[in-house]
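Visitor: Questions regarding the structure given below will be posed in turn.
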Amino acid sequence: MQIIENSKVKEKLYIEKLENGLTVMIIPKKGMKKKYMIWGTNYGSNDNVFVVPGENTKTKVPNGVAHFLEHKLFEQENGTNSLDTLTALGVDANAFTTNDMTAYLFACTDNFYPAMDELMDYVQNPYFTDENVEKEKGIIGQEIMMYDDYPDWKVYLNAMQILYHNHPIKIDVVGTIDSISKIDKEILYKCYQTFYNLSNMAIVVCGDFEPEKILEEIKQRLKKSKVNGEIQRIYPEEPDTIVKERIEQKMEVSRPMYTIAIKVKPTDNPEEMVKKDLAIQILLELLVGKSSPLYKQLYDEGIISGGIGASYEFSENYAHVMISGQSNEPEKIYDNVKQEIAKMKTNGIPENAFNRIKKKIYGEYVKDYDDVENIANMFLTNYFMGINTFAYLNQIDNIDVEYLKQVLNDVFKEDKMVISIVKN
Amino acid sequence: MKYTEKTIKKGMKLHMMHTDKFKTNLVAVFLTTKLERNYVTMNALISAVLRRGSYTMQTQEEISKQLEELYGASFDCGIDKTGDNQVLKFYIEAINDAYLPQSNENVLKKAMESVLDIIFNPLIENNAFKKEYVQQEKNNMKQRIEGRIDNKRTYALDRCIEEMYKNKPFGLYRFGYVEDLKEINEKNLYERYKKLIDQCKIDIFVSGNVNEEIENIIDQNENVKKLEPREPNYNKESEKNHEKQGEKIENMDVTQGKLVVGLDVNSRDEDEKYNAIVYNTILGGSANSKIFQNVREKANLAYEAGSRYFKYKDNIFVNCGIEISNYEKALNLIKEQLEDMKNGDFTDEEVENAKKSIISSIKTIDDEQDTGITYYFGQEMSGNTQSIEEYIERIQKINKEDVLQVANKVEINTIYFLRN
């Protein structure tokens with residue numbers, strides 16, 4: 001196994017790519033009682049159109065298949081449900097689907113190996129029937145309706161609608177009642193065969209372990225598998241422009257919720273992704289962070305009453321900055337953010353604040369290494385984008401004012417900005 | 001992890017959790033006072049005003065800058081209900097010196113001093129809080145209280161509790177009431193603050209790579225020195241409401257209905273409360289539970305379906321999100337599960353499995369510093385000094401008979417449904 005050590009957080013990553021294509025990563029954490037394993041596939045709700053390795057034509061599947069598949073994988077041929085089996089072992093098991101990946105996981109203190117047996121068994125052995133697929137539509141239907149009542153989810157999703165013309169990031173991960181009604185077991189099997197090949201997957205284990213032993217235990221539980229050819233994922237052509245600047249929806253909320261989003265040109269260079277991510281985080285702190293002049297001004301004017309959420313979301317094929325929160329005057333916030341960006345472009349980056357924020361961001365990355373679940377999740381998500389998570393700690397020193405300026409000009413563009421509002 | 005505690009002054013304790021497995025140290029200060037209708041809003045507002053600025057760091061901006069300089073130390077405050085008490089919680093988390101690019105900055109000491117300064121050394125002008133801060137925070141508090149409706153799940157649970165504990169302390173909303181705000185000003189709020197600080201129970205928690213130096217920092221701290229010993233004014237026991245509240249239906253513009261069923265467990269003593277933890281896990285506390293299996297997996301009525309046990313109040317709240325037209329169906333299914341439990345329709349194996357998952361979560365208490373603090377605060381509030389090992393042993397001993405006894409005492413108190 002290759003060992004990558006980081007001297008800043010004093011942690012080690014053990015990583016190996018097996019012959020069957022599966023990547024295994026182990027981050028030992030001495031003294032932690034909790035043990036955590038997550039098995040992810042590089043397949044999310046965005047992967048709706050693709051060419052199955054070995055075929056010539058493209059396959060298009062209904063929205064929400066990746067998430068539906070996640071629900072159904074727990075079902076076993078002998079009538080049991082793996083979630084029940086894992087729960088009965090006293091372990092905390094779960095799964096999740098995002099735009100870009102699907103993952104199955106458990107956390108425990110005891111029974112780690114029996115739980116590993118079960119997890120590795122059910123992920124490798126799908127069992128879909130017409131009946132069990134039908135049944136799940138009721139449960140997922142309620143999940144969809146639950147999100148319908150989440151204004152913060154709606155305001156985000158609406159922002160995606162006006163930011164992107166065609167990219168599937170627009171689509172709700174869970175699909176719609178209508179799209180899931182079209183899902184059947186054949187579709188599930190086809191997506192499973194395509195995306196659950198070991199060469200498209202990675203396992204991360206974190207806890208008080210001997211890495212070599214864990215690797216052996218994982219190998220023993222893998223079924224024979226051949227490396228599939230590359231999956232061709234087809235994303236529609238996405239123009240650089242936004243669709244329109246504003247969107248509004250009525251919902252019962254106490255105060256309007258807003259998401260300001262900026263469309264960003266994605267990059268598929270991992271090193272650049274990390275640097276850009278860090279630079280954007282620093283810029284967002286300088287623009288709307290708690291010590292920024294704009295935050296103070298908006299707070300004093302009573303326009304905001306708490307933190308402004310700011311984040312950068314990206315993959316190899318989409319990227320956007322988001323600024324969001326709740327306020328009676330979202331339009332004012334929008335105008336002010338635009339002005340603040342313009343001001344910073346003219347006046348330059350304040351050096352003192354920049355150094356302070358760098359310290360803050362460094363500390364936050366260090367804090368990330370206290371929780372076994374968080375550690376494993378970070379390494380998995382970043383791995384699928386070709387990023388080694390330690391790169392964040394190493395790159396932060398390389399961010400300088402010049403680079404920030406460049407990112408400020410490239411990313412924070414007025415004609416790429418939109419605002420989504422949900423209000424009464 | 002090693003836990004030690006020390007009384008600083010009467011009514012004021014230092015709790016230390018010594019551990020070297022984290023990259024951060026966490027400091028928490030809890031101020032505990034009785035939940036009272038007259039003061040609930042003021043107490044919540046005090047916490048909001050304090051974090052606006054202290055005597056030494058007079059603005060939020062200054063506080064934020066100080067935290068950033070401390071490598072992104074995070075400061076947070078919250079209001080909780082613990083039994084019939086309102087607890088003002090302040091946290092500061094900062095990275096260990098061992099992980100700093102430059103050593104010997106003593107971030108922990110600075111972080112501790114900052115949080116003590118924010119709480120005990122407020123910005124005072126003319127024997128009152130700063131007027132501007134109080135006015136602004138009154139507006140913010142109003143928005144926060146009104147913002148309750150934005151998360152339907154927590155709203156439904158809170159409303160069920162309010163109905164269940166009508167006119168009782170526990171029925172109060174932890175952030176208080178909009179109608180109280182107009183009478184509050186910088187003067188009367190400061191008067192309330194002084195009283196609160198003089199009378200509340202004070203617990204300081206320090207978790208992380210800590211040593212005797214911490215005691216010195218606390219002993220030498222000017223803000224701590226000026227605090228008087230006190231007979232802390234808080235509720236050790238909590239008041240039950242055994243009066244059945246029946247069915248409450250509330251209308252709102254929602255897509256999905258939220259059903260919450262509040263149960264009285266009627267435990268006679270502390271031991272029975274431990275049995276109730278196991279009972280709840282079997283009833284609705286896990287993916288194997290009766291409610292999850294029957295409401296979600298078999299009847300496919302819900303995505304979210306489960307229950308939670310509130311140990312201080314000895315209540316269980318069952319909740320699920322359902323199609324509005326399925327209200328009767330879901331409610332009947334929940335009632336059936338309660339009946340099945342009474343009839344002993346669960347196996348020894350289910351009891352053992354439930355115990356396994358409870359024990360697993362107990363074992364990880366000291367894997368997370370804030371969970372550790374919550375656990376030892378719970379011990380403090382119930383007057384126990386039970387170690388994590390003893391807690392595990394206690395769960396270990398529980399058998400089916402014990403759980404059946406709980407089942408036969410459980411009664412529905414309130415049924416709350418949020419619908420359109």
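Labels for the structure tokens follow display order: chains A, B, ..., residues from 1 in each chain, ligands from 1.
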Which residues are near range 300-315 of chain A? Cut-off 7 Å, only C-alpha atoms, ignore same chain within fewer than 2 positions. Put them as a PDB file with N, CA and C atoms, in the first residue's frame.
Guide:
```
ATOM      1  N   ASP A 277     -10.907  26.313  -5.092  1.00  0.00           N
ATOM      2  CA  ASP A 277     -11.819  26.141  -3.969  1.00  0.00           C
ATOM      3  C   ASP A 277     -11.340  26.974  -2.774  1.00  0.00           C
ATOM      4  N   LEU A 284     -14.950  34.592  -0.291  1.00  0.00           N
ATOM      5  CA  LEU A 284     -16.294  34.667   0.286  1.00  0.00           C
ATOM      6  C   LEU A 284     -16.236  35.185   1.722  1.00  0.00           C
ATOM      7  N   VAL A 288     -18.419  38.425   2.525  1.00  0.00           N
ATOM      8  CA  VAL A 288     -19.634  38.358   3.354  1.00  0.00           C
ATOM      9  C   VAL A 288     -19.417  37.659   4.701  1.00  0.00           C
ATOM     10  N   LYS A 290     -18.142  36.959   8.692  1.00  0.00           N
ATOM     11  CA  LYS A 290     -18.558  37.689   9.890  1.00  0.00           C
ATOM     12  C   LYS A 290     -17.696  38.885  10.242  1.00  0.00           C
ATOM     13  N   LYS A 296     -21.182  43.609   8.622  1.00  0.00           N
ATOM     14  CA  LYS A 296     -21.474  44.580   9.673  1.00  0.00           C
ATOM     15  C   LYS A 296     -22.569  45.540   9.217  1.00  0.00           C
ATOM     16  N   GLN A 297     -22.399  46.040   7.993  1.00  0.00           N
ATOM     17  CA  GLN A 297     -23.371  47.006   7.470  1.00  0.00           C
ATOM     18  C   GLN A 297     -24.778  46.397   7.394  1.00  0.00           C
ATOM     19  N   LEU A 298     -24.890  45.204   6.830  1.00  0.00           N
ATOM     20  CA  LEU A 298     -26.201  44.573   6.671  1.00  0.00           C
ATOM     21  C   LEU A 298     -26.816  44.241   8.025  1.00  0.00           C
ATOM     22  N   ASN A 317     -17.565  18.923 -14.174  1.00  0.00           N
ATOM     23  CA  ASN A 317     -18.386  19.473 -15.245  1.00  0.00           C
ATOM     24  C   ASN A 317     -19.427  20.517 -14.835  1.00  0.00           C
ATOM     25  N   TYR A 318     -19.422  20.917 -13.593  1.00  0.00           N
ATOM     26  CA  TYR A 318     -20.237  22.079 -13.196  1.00  0.00           C
ATOM     27  C   TYR A 318     -19.547  22.757 -12.023  1.00  0.00           C
ATOM     28  N   ALA A 319     -19.831  24.017 -11.818  1.00  0.00           N
ATOM     29  CA  ALA A 319     -19.274  24.724 -10.672  1.00  0.00           C
ATOM     30  C   ALA A 319     -20.078  25.990 -10.422  1.00  0.00           C
ATOM     31  N   HIS A 320     -20.394  26.242  -9.161  1.00  0.00           N
ATOM     32  CA  HIS A 320     -21.070  27.496  -8.828  1.00  0.00           C
ATOM     33  C   HIS A 320     -20.810  27.906  -7.385  1.00  0.00           C
ATOM     34  N   VAL A 321     -20.831  29.220  -7.199  1.00  0.00           N
ATOM     35  CA  VAL A 321     -20.707  29.796  -5.863  1.00  0.00           C
ATOM     36  C   VAL A 321     -22.110  30.077  -5.366  1.00  0.00           C
ATOM     37  N   MET A 322     -22.346  29.873  -4.070  1.00  0.00           N
ATOM     38  CA  MET A 322     -23.672  30.209  -3.534  1.00  0.00           C
ATOM     39  C   MET A 322     -23.549  31.042  -2.263  1.00  0.00           C
ATOM     40  N   ILE A 323     -24.433  32.037  -2.180  1.00  0.00           N
ATOM     41  CA  ILE A 323     -24.523  32.876  -0.987  1.00  0.00           C
ATOM     42  C   ILE A 323     -25.991  32.830  -0.593  1.00  0.00           C
ATOM     43  N   SER A 324     -26.287  32.382   0.615  1.00  0.00           N
ATOM     44  CA  SER A 324     -27.708  32.208   0.911  1.00  0.00           C
ATOM     45  C   SER A 324     -28.048  32.501   2.362  1.00  0.00           C
ATOM     46  N   GLY A 325     -29.329  32.715   2.592  1.00  0.00           N
ATOM     47  CA  GLY A 325     -29.788  33.021   3.933  1.00  0.00           C
ATOM     48  C   GLY A 325     -31.248  33.423   3.923  1.00  0.00           C
ATOM     49  N   SER A 327     -33.886  36.748   4.821  1.00  0.00           N
ATOM     50  CA  SER A 327     -33.898  38.194   5.039  1.00  0.00           C
ATOM     51  C   SER A 327     -35.176  38.782   4.463  1.00  0.00           C
ATOM     52  N   ASN A 328     -35.627  39.909   5.047  1.00  0.00           N
ATOM     53  CA  ASN A 328     -36.784  40.593   4.484  1.00  0.00           C
ATOM     54  C   ASN A 328     -36.435  41.337   3.200  1.00  0.00           C
ATOM     55  N   GLU A 329     -35.140  41.559   3.007  1.00  0.00           N
ATOM     56  CA  GLU A 329     -34.748  42.326   1.827  1.00  0.00           C
ATOM     57  C   GLU A 329     -33.645  41.645   1.020  1.00  0.00           C
ATOM     58  N   MET A 385     -13.034  12.992  -7.602  1.00  0.00           N
ATOM     59  CA  MET A 385     -12.664  14.127  -8.465  1.00  0.00           C
ATOM     60  C   MET A 385     -11.164  14.149  -8.715  1.00  0.00           C
TER      61      MET A 385
ATOM     62  N   GLN B 136     -31.654  45.930  18.175  1.00  0.00           N
ATOM     63  CA  GLN B 136     -31.437  45.047  17.018  1.00  0.00           C
ATOM     64  C   GLN B 136     -31.731  43.594  17.367  1.00  0.00           C
ATOM     65  N   ASN B 140     -34.245  40.732  15.817  1.00  0.00           N
ATOM     66  CA  ASN B 140     -33.774  39.424  15.379  1.00  0.00           C
ATOM     67  C   ASN B 140     -34.496  38.294  16.097  1.00  0.00           C
TER      68      ASN B 140
END
```
Visitor: Quick one: which chain B residues come within 7 Å of chain A, and what is the nearest atom pair for each with the distance in Å to one decimal, counting only C-alpha atoms, rows ordered by chain and ascending number, as CSV?
Guide:
```
residue,atom,partner,partner_atom,distance
B:Lys21,CA,A:Gly31,CA,6.4
B:Phe22,CA,A:Asp370,CA,5.7
B:Lys23,CA,A:Asp370,CA,6.2
B:Thr24,CA,A:Lys367,CA,6.6
B:Glu61,CA,A:Ser291,CA,4.8
B:Ser64,CA,A:Ser291,CA,5.4
B:Lys65,CA,A:Ser291,CA,5.9
B:Glu68,CA,A:Lys360,CA,4.9
B:Glu69,CA,A:Arg356,CA,5.6
B:Tyr71,CA,A:Lys360,CA,4.4
B:Gly72,CA,A:Lys360,CA,3.7
B:Ile95,CA,A:Gly363,CA,6.5
B:Tyr99,CA,A:Val9,CA,6.3
B:Gln136,CA,A:Gly302,CA,6.8
B:Asn140,CA,A:Ser305,CA,5.5
B:Glu146,CA,A:Ser254,CA,5.8
B:Gly147,CA,A:Ser254,CA,5.0
B:Ile149,CA,A:Ser254,CA,6.6
B:Asp150,CA,A:Val253,CA,5.4
B:Asn151,CA,A:Tyr150,CA,6.9
B:Asp253,CA,A:Glu252,CA,6.1
B:Val254,CA,A:Asp149,CA,6.2
B:Thr255,CA,A:Asp149,CA,6.1
B:Gln256,CA,A:Met145,CA,5.9
B:Ala287,CA,A:Asp84,CA,6.1
B:Asn288,CA,A:Asp84,CA,5.3
B:Arg296,CA,A:Ile139,CA,6.8
B:Asn300,CA,A:Ile139,CA,5.3
B:Leu301,CA,A:Ile139,CA,6.6
B:Ala302,CA,A:Gln142,CA,5.6
B:Tyr303,CA,A:Ile139,CA,5.1
B:Ile322,CA,A:Gln142,CA,6.6
B:Asn353,CA,A:Ala88,CA,4.9
B:Lys356,CA,A:Gly90,CA,4.6
B:Ser357,CA,A:Gly90,CA,3.8
B:Ser360,CA,A:Thr109,CA,5.5
B:Lys363,CA,A:Lys33,CA,7.0
B:Thr364,CA,A:Lys34,CA,6.0
B:Asp367,CA,A:Met32,CA,6.0
```
Visitor: Go ahead and dump the residues you just picked, C-alpha atoms, as an mmCIF file, in the first residue's frame.
Guide:
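Now in part-v1.cif:
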```cif
data_model
loop_
_atom_site.group_PDB
_atom_site.id
_atom_site.type_symbol
_atom_site.label_atom_id
_atom_site.label_comp_id
_atom_site.auth_asym_id
_atom_site.auth_seq_id
_atom_site.Cartn_x
_atom_site.Cartn_y
_atom_site.Cartn_z
ATOM 1 C CA LYS B 21 -7.147 12.212 20.783
ATOM 2 C CA PHE B 22 -8.556 15.430 19.356
ATOM 3 C CA LYS B 23 -7.027 18.208 17.323
ATOM 4 C CA THR B 24 -9.104 20.766 19.143
ATOM 5 C CA GLU B 61 -16.570 42.443 14.156
ATOM 6 C CA SER B 64 -14.974 37.656 14.809
ATOM 7 C CA LYS B 65 -11.513 39.010 14.109
ATOM 8 C CA GLU B 68 -10.124 34.257 13.130
ATOM 9 C CA GLU B 69 -6.750 35.125 14.630
ATOM 10 C CA TYR B 71 -7.060 29.897 13.741
ATOM 11 C CA GLY B 72 -10.769 29.950 13.195
ATOM 12 C CA ILE B 95 -7.270 23.909 17.643
ATOM 13 C CA TYR B 99 -1.327 21.588 15.186
ATOM 14 C CA GLN B 136 -31.437 45.047 17.018
ATOM 15 C CA ASN B 140 -33.774 39.424 15.379
ATOM 16 C CA GLU B 146 -41.552 33.600 13.854
ATOM 17 C CA GLY B 147 -39.079 31.465 11.929
ATOM 18 C CA ILE B 149 -42.622 27.517 11.045
ATOM 19 C CA ASP B 150 -39.847 27.197 8.476
ATOM 20 C CA ASN B 151 -38.880 23.686 9.532
ATOM 21 C CA ASP B 253 -49.889 25.407 3.802
ATOM 22 C CA VAL B 254 -47.983 22.109 3.681
ATOM 23 C CA THR B 255 -47.641 19.318 1.131
ATOM 24 C CA GLN B 256 -47.000 16.569 3.626
ATOM 25 C CA ALA B 287 -34.551 0.867 11.409
ATOM 26 C CA ASN B 288 -35.628 -2.417 13.011
ATOM 27 C CA ARG B 296 -42.630 2.702 6.469
ATOM 28 C CA ASN B 300 -45.229 2.388 2.844
ATOM 29 C CA LEU B 301 -46.973 5.367 4.399
ATOM 30 C CA ALA B 302 -43.893 7.377 5.270
ATOM 31 C CA TYR B 303 -40.272 8.061 4.570
ATOM 32 C CA ILE B 322 -47.383 11.188 5.768
ATOM 33 C CA ASN B 353 -30.299 -5.974 19.434
ATOM 34 C CA LYS B 356 -26.385 -3.452 21.283
ATOM 35 C CA SER B 357 -27.137 -0.292 19.375
ATOM 36 C CA SER B 360 -22.593 1.250 20.757
ATOM 37 C CA LYS B 363 -19.278 3.861 23.786
ATOM 38 C CA THR B 364 -18.783 6.658 21.286
ATOM 39 C CA ASP B 367 -15.318 10.175 20.531
#
```
Visitor: Within 9 Å of Tyr91 in chain B, counting only C-alpha atoms, which residues show up once you throw out same-chain ones fewer than 4 positions away? Write them as number ranges by chain, please.
Guide: B: 26-30, 74-78, 115
Visitor: Mind writing the picked residues with C-alpha atoms as a PDB file, in the first residue's frame?
Guide:
```
ATOM      1  CA  LEU B  26     -13.619  22.560  23.443  1.00  0.00           C
ATOM      2  CA  VAL B  27     -14.733  24.927  26.185  1.00  0.00           C
ATOM      3  CA  ALA B  28     -18.377  25.255  27.148  1.00  0.00           C
ATOM      4  CA  VAL B  29     -20.092  27.451  29.691  1.00  0.00           C
ATOM      5  CA  PHE B  30     -23.669  26.602  30.667  1.00  0.00           C
ATOM      6  CA  SER B  74     -15.555  28.717  16.536  1.00  0.00           C
ATOM      7  CA  PHE B  75     -17.851  30.450  18.948  1.00  0.00           C
ATOM      8  CA  ASP B  76     -21.419  29.393  19.240  1.00  0.00           C
ATOM      9  CA  CYS B  77     -24.274  29.934  21.609  1.00  0.00           C
ATOM     10  CA  GLY B  78     -27.613  28.284  22.027  1.00  0.00           C
ATOM     11  CA  VAL B 115     -15.669  33.222  26.099  1.00  0.00           C
TER      12      VAL B 115
END
```
Visitor: Using only C-alpha atoms, pick whichever of A:Gly175, A:Pro236, A:Pro330, A:Pro256 has the shortest atom-to-atom distance to Ser45 in chain A.
Guide: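 Smallest distance to Ser45 in chain A is found for A:Gly175.
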Visitor: What parts of range 128-371 of chain A does DSSP call strand (DSSP E)? I'd like the answer as a PyMOL selection string.
Guide: chain A and resi 201-207+232-233+246-250+257-263+309-314+319-326
Visitor: Could those selected residues go to a file with C-alpha atoms, as an mmCIF file, in the first residue's frame?
Guide:
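Here's the written file again.cif:
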```cif
data_model
loop_
_atom_site.group_PDB
_atom_site.id
_atom_site.type_symbol
_atom_site.label_atom_id
_atom_site.label_comp_id
_atom_site.auth_asym_id
_atom_site.auth_seq_id
_atom_site.Cartn_x
_atom_site.Cartn_y
_atom_site.Cartn_z
ATOM 1 C CA MET A 201 -15.870 2.390 -6.887
ATOM 2 C CA ALA A 202 -13.818 3.176 -3.796
ATOM 3 C CA ILE A 203 -13.893 2.040 -0.171
ATOM 4 C CA VAL A 204 -12.686 4.207 2.690
ATOM 5 C CA VAL A 205 -12.201 2.913 6.228
ATOM 6 C CA CYS A 206 -11.406 5.110 9.214
ATOM 7 C CA GLY A 207 -10.861 4.141 12.849
ATOM 8 C CA GLN A 232 -18.958 7.250 -21.390
ATOM 9 C CA ARG A 233 -21.056 9.787 -19.515
ATOM 10 C CA ARG A 246 -34.363 36.005 -11.142
ATOM 11 C CA ILE A 247 -36.760 33.350 -9.925
ATOM 12 C CA GLU A 248 -39.368 33.482 -7.177
ATOM 13 C CA GLN A 249 -41.619 30.906 -5.573
ATOM 14 C CA LYS A 250 -44.404 31.277 -3.034
ATOM 15 C CA MET A 257 -35.198 32.876 1.819
ATOM 16 C CA TYR A 258 -32.660 33.631 -0.867
ATOM 17 C CA THR A 259 -29.847 31.985 -2.750
ATOM 18 C CA ILE A 260 -27.528 34.116 -4.812
ATOM 19 C CA ALA A 261 -25.548 31.944 -7.178
ATOM 20 C CA ILE A 262 -22.693 32.545 -9.586
ATOM 21 C CA LYS A 263 -22.015 30.234 -12.478
ATOM 22 C CA GLY A 309 -24.150 30.997 4.164
ATOM 23 C CA ALA A 310 -21.469 30.918 1.501
ATOM 24 C CA SER A 311 -20.154 27.925 -0.342
ATOM 25 C CA TYR A 312 -18.589 26.688 -3.543
ATOM 26 C CA GLU A 313 -19.914 23.494 -5.167
ATOM 27 C CA PHE A 314 -18.139 21.861 -8.036
ATOM 28 C CA ALA A 319 -19.274 24.724 -10.672
ATOM 29 C CA HIS A 320 -21.070 27.496 -8.828
ATOM 30 C CA VAL A 321 -20.707 29.796 -5.863
ATOM 31 C CA MET A 322 -23.672 30.209 -3.534
ATOM 32 C CA ILE A 323 -24.523 32.876 -0.987
ATOM 33 C CA SER A 324 -27.708 32.208 0.911
ATOM 34 C CA GLY A 325 -29.788 33.021 3.933
ATOM 35 C CA GLN A 326 -33.024 34.500 5.169
#
```
Visitor: Just the residues within 9 Å of Leu227 in chain B, please, counting only C-alpha atoms, with nothing from its chain fewer than 6 positions along; format it as a PDB file with N, CA and C atoms, in the first residue's frame.
Guide:
```
ATOM      1  N   LYS B   9     -16.721  27.648  43.152  1.00  0.00           N
ATOM      2  CA  LYS B   9     -17.386  28.357  44.244  1.00  0.00           C
ATOM      3  C   LYS B   9     -18.714  27.674  44.416  1.00  0.00           C
ATOM      4  N   PHE B 120     -19.325  37.188  30.989  1.00  0.00           N
ATOM      5  CA  PHE B 120     -19.329  37.821  32.315  1.00  0.00           C
ATOM      6  C   PHE B 120     -18.844  39.267  32.337  1.00  0.00           C
ATOM      7  N   ILE B 197     -27.063  36.149  36.383  1.00  0.00           N
ATOM      8  CA  ILE B 197     -25.657  35.800  36.648  1.00  0.00           C
ATOM      9  C   ILE B 197     -25.432  35.531  38.142  1.00  0.00           C
ATOM     10  N   ASP B 198     -26.142  36.262  38.997  1.00  0.00           N
ATOM     11  CA  ASP B 198     -25.988  36.050  40.442  1.00  0.00           C
ATOM     12  C   ASP B 198     -26.618  34.759  40.929  1.00  0.00           C
TER      13      ASP B 198
END
```
Visitor: Which of range 102-292 of chain A counts as alpha helix (DSSP H) under DSSP, as a VMD selection string please?
Guide: chain A and resid 112 to 124 130 to 148 151 to 163 177 to 181 185 to 195 211 to 220 270 to 288
Visitor: Separation of CA of Asn25 in chain B and CA of Met112 in chain B, in Å?
Guide: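 Interatomic distance here is 10.0 Å.
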Visitor: Any idea what the distance is between CA of Lys236 in chain B and CA of Glu113 in chain B?
Guide: 29.8 Å
Visitor: Would you pick out the contacts of Asp240 in chain A at 10 Å or less, using only C-alpha atoms, so that residues sharing its chain but fewer than 4 positions from it are not included, and give the list as a ChimeraX atom specification?
Guide: /A:163-165,263-265,416
Visitor: To one decimal in Å, tell me the separation between CA of Val210 in chain B and CA of Met16 in chain B.
Guide: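 Interatomic distance, CA of Val210 in chain B to CA of Met16 in chain B: 7.7 Å.
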Visitor: Nearest to Gln220 in chain B among B:Ile46, B:Leu123, B:Ala276, B:Leu116, with distances taken over only C-alpha atoms: which residue is it?
Guide: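 Among the listed residues, B:Leu116 lies closest to Gln220 in chain B.
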Visitor: Identify, on the basis of only C-alpha atoms, every residue whose closest approach to Thr4 in chain B does not exceed 12 Å; exclude the query and any residue fewer than 3 positions from it along the same chain; express the result as a list in words.
Guide: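 After dropping sequence-adjacent residues, the list is Met1, Thr7, Lys13, Leu14, His15, Met16, Met17, His18, Thr19, Ile204, Phe205, Val206, Ser207, Val210, Asn211, Glu212, Glu215, Tyr376, Thr385 and Ser387 of chain B.
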Visitor: Could you pull the residues within 9 Å of Val123 in chain A, counting only C-alpha atoms, minus those fewer than 3 positions along the same chain, as a PyMOL selection string?
Guide: chain A and resi 39+73-74+104+118-120+126+196
Visitor: My list of candidates is A:Thr80, A:Asn388, A:Asn336, A:Asn377. Which is closest to Asn6 in chain A when distances are computed with only C-alpha atoms?
Guide: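 Of all the options, A:Asn388 lies closest to Asn6 in chain A.
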Visitor: Nearest residue to Asn221 in chain B out of B:Asn343, B:Tyr274, B:Lys110, B:Leu100, using only C-alpha atoms?
Guide: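 Going through B:Asn343, B:Tyr274, B:Lys110, B:Leu100 one by one, the smallest distance to Asn221 in chain B is for B:Lys110.
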